[in-house]
Structures are given as C-alpha cells and as structure tokens.
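First the structure, in the form of structure tokens, and then the observations on it.
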Amino acid sequence: MPERRTVALVTLGCARNEVDSEELAGRLEADGWQLVEDAEAADVAVVNTCGFVEAAKKDSVDALLEANDLKAQGRTQAVVAVGCMAERYGKELAEALPEADGVLGFDDYADISDRLQTILGGGIHASHTPRDRRKLLPISPAERQDSAVALPGHAQEPAAAPADLPDGLAPASGPRAPLRRRLGTSPVASVKLASGCDRRCSFCAIPSFRGSFISRRPSDVLQETRWLAGQGVKEIMLVSENNTSYGKDLGDIRLLETLLPELAEVDGIERVRVSYLQPAEMRPGLIDVLTSTLKVAPYFDLSFQHSAPGVLRAMRRFGDTDRFLGLLEQIRAKAPEAGVRSNFIVGFPGESEADVAELERFLTGARLDAIGVFGYSDEDGTEAAGYEGKLPEEEVAERLARVSRLAEELVSQRADERVGETVEVLVESVDEEEGAVGRAAHQAPETDGQILFTSGADLTPGRMVVAKVVGTEGVDLVAEPLHLIEEAGR
C-alpha cells in the first residue's frame, strides 16, 4: 500500500476563511490525505490567503514565502495558494510569486485532491483566471439557489465521496452540505450562514471575488451545528459577509429570526453568536430575538464604518450619528448588557475635519465594547479608488492615530462600566502560567476582549461558568468564578 500523502493547511484572514479551510481539510481527508499541523511536516502546504486589505495581502505573501523556505529545509515538496487572494488575483499572483507551485481559485475546491496530486506529481495546473463572481449568479436572489457555482463553505458534496468517512469527518447528507474536518480543538466554531454580498460599498472589493449573496439552507446550517456539537463545540458563531440579508434568496428575509431559536435548542450548544450585521438592515424582530432568546448571545457586530452623513453617502452606505445612536438605544432598552462592536474607516476621500469630529461624537456616545479603526487606502477595482479628494498619507495616518487613541480610551471606559456585572463565560483555555481564560456573551473570539479568571480551580475548556466581574486589564475583564452553569440547573 502506498504511503499516505500529507497536507498542512495554513489559514489567514477571517472566520469565513477558517470554515473554508475545514471544508478543504474534509475533502482531502475523505480522499485519503493525512492532515498534519506543521507545514514542515507536510508533502504539500496549502496557504488559505486573505485578499481584503493590503496588510492582509502582505501577511498572505509572507506565509507563502515562509512555506516555500521549508521546501529547501525539510520534506515539504509543494506550496499551493488558495483563498481570497488567490481567487482575486490568480495568474497575476502566480507571476509575481513564482515560489508558489499552484494558485487555485474557488472553482478548484471541489477537486482539491486531484489538483494537489497533479502539482505534487510534477504536473502543471493552470493558475486560476480571476473573474467578477457577481456575474456568475442570477441578478434575482430568488433564482440563485439552484445555480451550480462554487461556494466555499457550502459547496456540493463530491459525487465520488466515500460511503464510510473517517471518524470526526462531517457527514455530507444534503445536496449542499460540505465535508468538514475540524482543524482545532476550541469549544467555539464558526458556521457559514451565507456567502457573498449584494451591497456595493464604494471601498470594498469583496463582492467581486466572493460573488453575490446566497444563503445556505436552514437544514444544512442545523445539520452542521449538530455535528459540531457532537465534536464538543459549545458555541457557534454564524458568519457571512452580511448576516442581516439571510433568507432573502429563500423567500423569507426574516428567516434568521426563525433559525436562531432552533440552533439554540441543539443539544450540547450553549451559545449562538451572530456576526457581521448591517445597521441599515436591522429590524425590530431581529433585535427581539437577539436580546431575548435563551442561549443566543445579545451581541451586535454592527458595520457602521463611519457616522458623518457625507462620508457614508460617498461610501454608498446609509445612516448618521443620531440614527446609529438611536439603534443602540433600541438594543440596550431590550438588553442593557448587550455587547456591541464595530469597525470604522478614517481618511476616506473627501473626509473633512468636521466629519472626523462627527465620528468622534458618535464614538463617545456609543459605548462600544470593541472598536476597530482603519486608515483608508485604495483597493483595486473599487469605486472609491477613482474618487477625487484623496487625503495625503500622512494626514490619514494622523487621523488614524487620533481616532485609535480615542477608541482605546473608550473601550477601556466601557470595560470599567462592566465591573460588578454577573456574566456567563465560556472557558476557552486553561494554562498553568496564564491561568483560565474565557469569553462572555459580549465578547467574540479573536476580535474582542476576553475574561481573565481570578482562579482556574475546577475550570476546563468548554465549561460554562457564572462569574462576577471584579476588575479590568484594558479591554479585558477580570472575573471571579461563582459556579458552573450545569450546577445552576440550566
């Protein structure tokens, strides 16, 4: 019997990319590949790249170069780029980075095993040719569900998938259910709710390489959640480019309000979290479900981006400071403890000092738990790249530093406000040196602060704990564990 070939997946970027990597891992393992953690121990290193902003692209290129260095140092024989940067640039990336032995697009995912076998065997697979993926699906959302377009994270099961899958591999029993293999042991896992985006924000290139919006069917989301619960997952985070649009192509824009309680009832799941919400698409019914459903986190990851009306219009977005503050008032009237985070762009073309002051007014009044601030830079193929009124780089940098300082001060103040609160915390890790660390309902993995326990006694990863916040360390909260949720009779 020939020795099983080994593959390592290196994932960069957002939680959506992590889900895509686990789909690739599932497909490869189902076809006989052995998954290993370290690229230096693999025959093939597959780098799942991010193509969103310049810093992420640089990280992706660096990861590809590092993997290439391993070819000279160890047993790694091939380096392959997949993911958003590979999809977005394709042949251009291959020409600029000859160190990569292959550049594969989303259309290659269903046949990833064959592609890697070809590359590893010395064959040549033509590099991906980029195209505007918005044009691959019908304009009408209602006509998209039956389209045979590659959708990472909810692609069709390969026809040749084996009947008996390895232990720990997600069963693919539906027409759109992917094979999936977990690549970590965290009690938190992301579940893809949809792919693509129909919004046309002038600064964002994501729709061009991720495509138009298309929802996964509720039955597939539920099936994957049940499987993850069986793998020990306690919290699922629903991800997509825009979760507030979920269901519009299935004939029910309020489908998320129906799905969330069903997900919360899955045995073993202790928390359901929703990310990527558009303020302009928030509706009272969704706020009600997010703030009143047991096991659904009252957590609002709202994509404000700015609050000055003129800047928002130039971004092709909607709203203003007072409207956004009103939305936050509605949320906190339902759940005063609700967590809210958002990202903002400063230095957008045409942004004035008055616009920055308006953004600062919003930030000061919003009481956000987490704030991401980014300086504007042109993105290939976006409308804003052709705008007049570009600010000098040094001015963008100055505004970025200024608003970032304010943001850091404000989130620390918001953390201080939570001292004395009783919170339910999912324990994520326990370390002899660092102690026990977890996250409350208002804290999402990777992007927000965390809970630092005063004591790790009897705490293990995956347990839900009631704790009292007794202090802060910047955006992080220090909490004293009171009792396990199971002991409280839930």
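Order determines the names: the first chain of the structure tokens is A, the second B, and so forth; residues in each chain are numbered 1 upward, and ligands are numbered 1 upward as they are shown.
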Pick out each residue of region 76-265 of chain A that DSSP on the backbone tags as strand (DSSP E or B); I need them as a PyMOL selection string. chain A and resi 78-83+102-103+169+181+188-192+194-195+214-215+235-239
Against region 308-330 of chain A, which residues of region 350-375 of chain A fall within 9 Å? For each one I want the closest pair of atoms and the distance in Å (one decimal), counting only C-alpha atoms, rows by chain and increasing residue number, as JSON lines.
```
{"residue": "A:Gly350", "atom": "CA", "partner": "A:Val311", "partner_atom": "CA", "distance": 7.4}
{"residue": "A:Glu351", "atom": "CA", "partner": "A:Val311", "partner_atom": "CA", "distance": 6.2}
{"residue": "A:Ser352", "atom": "CA", "partner": "A:Val311", "partner_atom": "CA", "distance": 8.9}
{"residue": "A:Ala354", "atom": "CA", "partner": "A:Ala308", "partner_atom": "CA", "distance": 8.5}
{"residue": "A:Asp355", "atom": "CA", "partner": "A:Ala308", "partner_atom": "CA", "distance": 5.3}
{"residue": "A:Val356", "atom": "CA", "partner": "A:Ala308", "partner_atom": "CA", "distance": 7.6}
{"residue": "A:Ala357", "atom": "CA", "partner": "A:Ala308", "partner_atom": "CA", "distance": 8.7}
{"residue": "A:Glu358", "atom": "CA", "partner": "A:Ala308", "partner_atom": "CA", "distance": 5.7}
{"residue": "A:Leu359", "atom": "CA", "partner": "A:Ala308", "partner_atom": "CA", "distance": 6.1}
{"residue": "A:Arg361", "atom": "CA", "partner": "A:Thr321", "partner_atom": "CA", "distance": 7.7}
{"residue": "A:Phe362", "atom": "CA", "partner": "A:Thr321", "partner_atom": "CA", "distance": 5.5}
{"residue": "A:Leu363", "atom": "CA", "partner": "A:Thr321", "partner_atom": "CA", "distance": 9.0}
{"residue": "A:Gly365", "atom": "CA", "partner": "A:Leu325", "partner_atom": "CA", "distance": 7.3}
{"residue": "A:Ala366", "atom": "CA", "partner": "A:Leu325", "partner_atom": "CA", "distance": 6.2}
```
Put those residues in a file: all heavy atoms, as a compact mmCIF listing (two decimals), in the first residue's frame.
```txt
# COMPACT_ATOMS: atom_id res chain seq x y z
N GLY A 350 -12.31 62.87 0.64
CA GLY A 350 -13.26 63.93 0.90
C GLY A 350 -13.62 64.12 2.36
O GLY A 350 -14.35 65.07 2.70
N GLU A 351 -13.12 63.27 3.25
CA GLU A 351 -13.43 63.41 4.68
C GLU A 351 -12.84 64.72 5.22
O GLU A 351 -11.66 64.99 5.03
CB GLU A 351 -12.86 62.22 5.44
CG GLU A 351 -13.15 62.26 6.95
CD GLU A 351 -12.35 61.19 7.70
OE1 GLU A 351 -11.10 61.26 7.67
OE2 GLU A 351 -12.99 60.30 8.28
N SER A 352 -13.67 65.49 5.89
CA SER A 352 -13.23 66.78 6.46
C SER A 352 -12.95 66.64 7.94
O SER A 352 -13.29 65.63 8.57
CB SER A 352 -14.31 67.83 6.23
OG SER A 352 -15.47 67.50 6.99
N ALA A 354 -14.53 68.28 10.13
CA ALA A 354 -15.86 68.23 10.74
C ALA A 354 -16.41 66.81 10.72
O ALA A 354 -17.09 66.38 11.66
CB ALA A 354 -16.81 69.18 10.00
N ASP A 355 -16.09 66.07 9.66
CA ASP A 355 -16.54 64.67 9.58
C ASP A 355 -15.86 63.82 10.66
O ASP A 355 -16.50 62.96 11.28
CB ASP A 355 -16.22 64.08 8.21
CG ASP A 355 -17.03 64.72 7.09
OD1 ASP A 355 -18.17 65.13 7.35
OD2 ASP A 355 -16.50 64.81 5.96
N VAL A 356 -14.58 64.05 10.89
CA VAL A 356 -13.87 63.31 11.93
C VAL A 356 -14.45 63.66 13.30
O VAL A 356 -14.65 62.77 14.14
CB VAL A 356 -12.35 63.63 11.90
CG1 VAL A 356 -11.63 62.86 13.00
CG2 VAL A 356 -11.76 63.29 10.55
N ALA A 357 -14.77 64.93 13.51
CA ALA A 357 -15.37 65.34 14.78
C ALA A 357 -16.73 64.67 14.97
O ALA A 357 -17.10 64.28 16.08
CB ALA A 357 -15.51 66.86 14.82
N GLU A 358 -17.48 64.52 13.88
CA GLU A 358 -18.78 63.84 13.96
C GLU A 358 -18.60 62.37 14.32
O GLU A 358 -19.36 61.82 15.13
CB GLU A 358 -19.52 63.98 12.63
CG GLU A 358 -20.93 63.42 12.63
CD GLU A 358 -21.90 64.22 13.50
OE1 GLU A 358 -21.50 65.23 14.12
OE2 GLU A 358 -23.07 63.79 13.58
N LEU A 359 -17.60 61.73 13.75
CA LEU A 359 -17.30 60.34 14.10
C LEU A 359 -16.91 60.24 15.58
O LEU A 359 -17.35 59.32 16.29
CB LEU A 359 -16.18 59.80 13.21
CG LEU A 359 -15.66 58.40 13.55
CD1 LEU A 359 -16.78 57.36 13.51
CD2 LEU A 359 -14.53 58.00 12.60
N ARG A 361 -17.88 62.19 17.92
CA ARG A 361 -19.11 62.38 18.70
C ARG A 361 -19.88 61.06 18.82
O ARG A 361 -20.38 60.72 19.90
CB ARG A 361 -20.00 63.45 18.05
CG ARG A 361 -21.30 63.71 18.82
CD ARG A 361 -22.03 64.93 18.27
NE ARG A 361 -22.80 64.64 17.07
CZ ARG A 361 -24.08 64.23 17.08
NH1 ARG A 361 -24.70 64.00 18.24
NH2 ARG A 361 -24.72 64.02 15.96
N PHE A 362 -19.95 60.35 17.72
CA PHE A 362 -20.65 59.07 17.76
C PHE A 362 -19.93 58.08 18.67
O PHE A 362 -20.55 57.44 19.52
CB PHE A 362 -20.76 58.47 16.36
CG PHE A 362 -21.26 57.04 16.37
CD1 PHE A 362 -22.57 56.76 16.73
CD2 PHE A 362 -20.41 55.99 16.08
CE1 PHE A 362 -23.03 55.45 16.77
CE2 PHE A 362 -20.85 54.68 16.12
CZ PHE A 362 -22.17 54.41 16.47
N LEU A 363 -18.63 57.96 18.50
CA LEU A 363 -17.88 57.00 19.31
C LEU A 363 -18.01 57.30 20.79
O LEU A 363 -18.16 56.40 21.62
CB LEU A 363 -16.40 57.02 18.90
CG LEU A 363 -16.07 56.46 17.52
CD1 LEU A 363 -14.60 56.69 17.18
CD2 LEU A 363 -16.40 54.97 17.44
N GLY A 365 -20.50 58.69 22.33
CA GLY A 365 -21.83 58.39 22.82
C GLY A 365 -22.26 56.94 22.68
O GLY A 365 -23.25 56.51 23.28
N ALA A 366 -21.52 56.16 21.89
CA ALA A 366 -21.98 54.82 21.53
C ALA A 366 -21.70 53.75 22.58
O ALA A 366 -22.37 52.73 22.62
CB ALA A 366 -21.34 54.40 20.21
```
Near Ala86 (chain A), counting only C-alpha atoms, which residues have an atom at most 8 Å away, once you skip same-chain residues fewer than 4 positions from it, shown as a list of chain:residue names? A:Thr49, A:Gly51, A:Ala81, A:Val82, A:Gly90, A:Leu93, A:Val103, A:Leu104, A:Gly105, A:His128
Can those selected residues be exported to a file as a CSV table (one decimal), in the first residue's frame so that it contains N, CA and C atoms?
```csv
chain,number,residue,atom,x,y,z
A,49,THR,N,-5.3,32.1,1.7
A,49,THR,CA,-4.9,33.5,1.8
A,49,THR,C,-6.1,34.5,2.0
A,51,GLY,N,-7.4,38.4,0.9
A,51,GLY,CA,-7.2,39.4,-0.1
A,51,GLY,C,-7.9,40.7,0.2
A,81,ALA,N,-1.3,28.1,-3.2
A,81,ALA,CA,-2.1,29.2,-2.7
A,81,ALA,C,-3.6,29.0,-3.0
A,82,VAL,N,-4.5,29.1,-2.0
A,82,VAL,CA,-5.9,29.1,-2.3
A,82,VAL,C,-6.5,30.4,-1.5
A,90,GLY,N,-5.2,35.4,-9.0
A,90,GLY,CA,-5.0,34.3,-9.8
A,90,GLY,C,-3.6,34.3,-10.5
A,93,LEU,N,-1.0,36.8,-9.4
A,93,LEU,CA,-0.3,36.3,-8.2
A,93,LEU,C,0.8,35.3,-8.5
A,103,VAL,N,-1.7,28.1,-7.9
A,103,VAL,CA,-2.6,29.2,-7.4
A,103,VAL,C,-4.0,28.7,-7.8
A,104,LEU,N,-4.8,28.3,-6.9
A,104,LEU,CA,-6.1,27.7,-7.2
A,104,LEU,C,-7.2,28.6,-6.7
A,105,GLY,N,-8.3,28.7,-7.5
A,105,GLY,CA,-9.5,29.5,-7.2
A,105,GLY,C,-10.6,28.7,-6.5
A,128,HIS,N,-5.4,29.9,-11.7
A,128,HIS,CA,-6.7,30.5,-11.7
A,128,HIS,C,-6.8,31.8,-12.5
```
Excluding Ser292 (chain A) and any residue of its chain fewer than 5 positions from it, enumerate the residues within 9 Å of it, using only C-alpha atoms, and give them as JSON, numbers by chain. {"A": [287, 297, 298, 334, 335]}
Any idea what's packed within 10 Å of region 465-476 of chain A, counting only C-alpha atoms, ignoring anything in its chain fewer than 3 positions away? Could you give it as a PyMOL selection string? chain A and resi 369-370+408-427+438-440+443+448-454+459-460+462+479-488
My list of candidates is A:Ser147, A:Ser404, A:Ser377, A:Thr447. Which is closest to Pro392 (chain A) when distances are computed with only C-alpha atoms?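 The closest residue to Pro392 (chain A) is A:Ser377.
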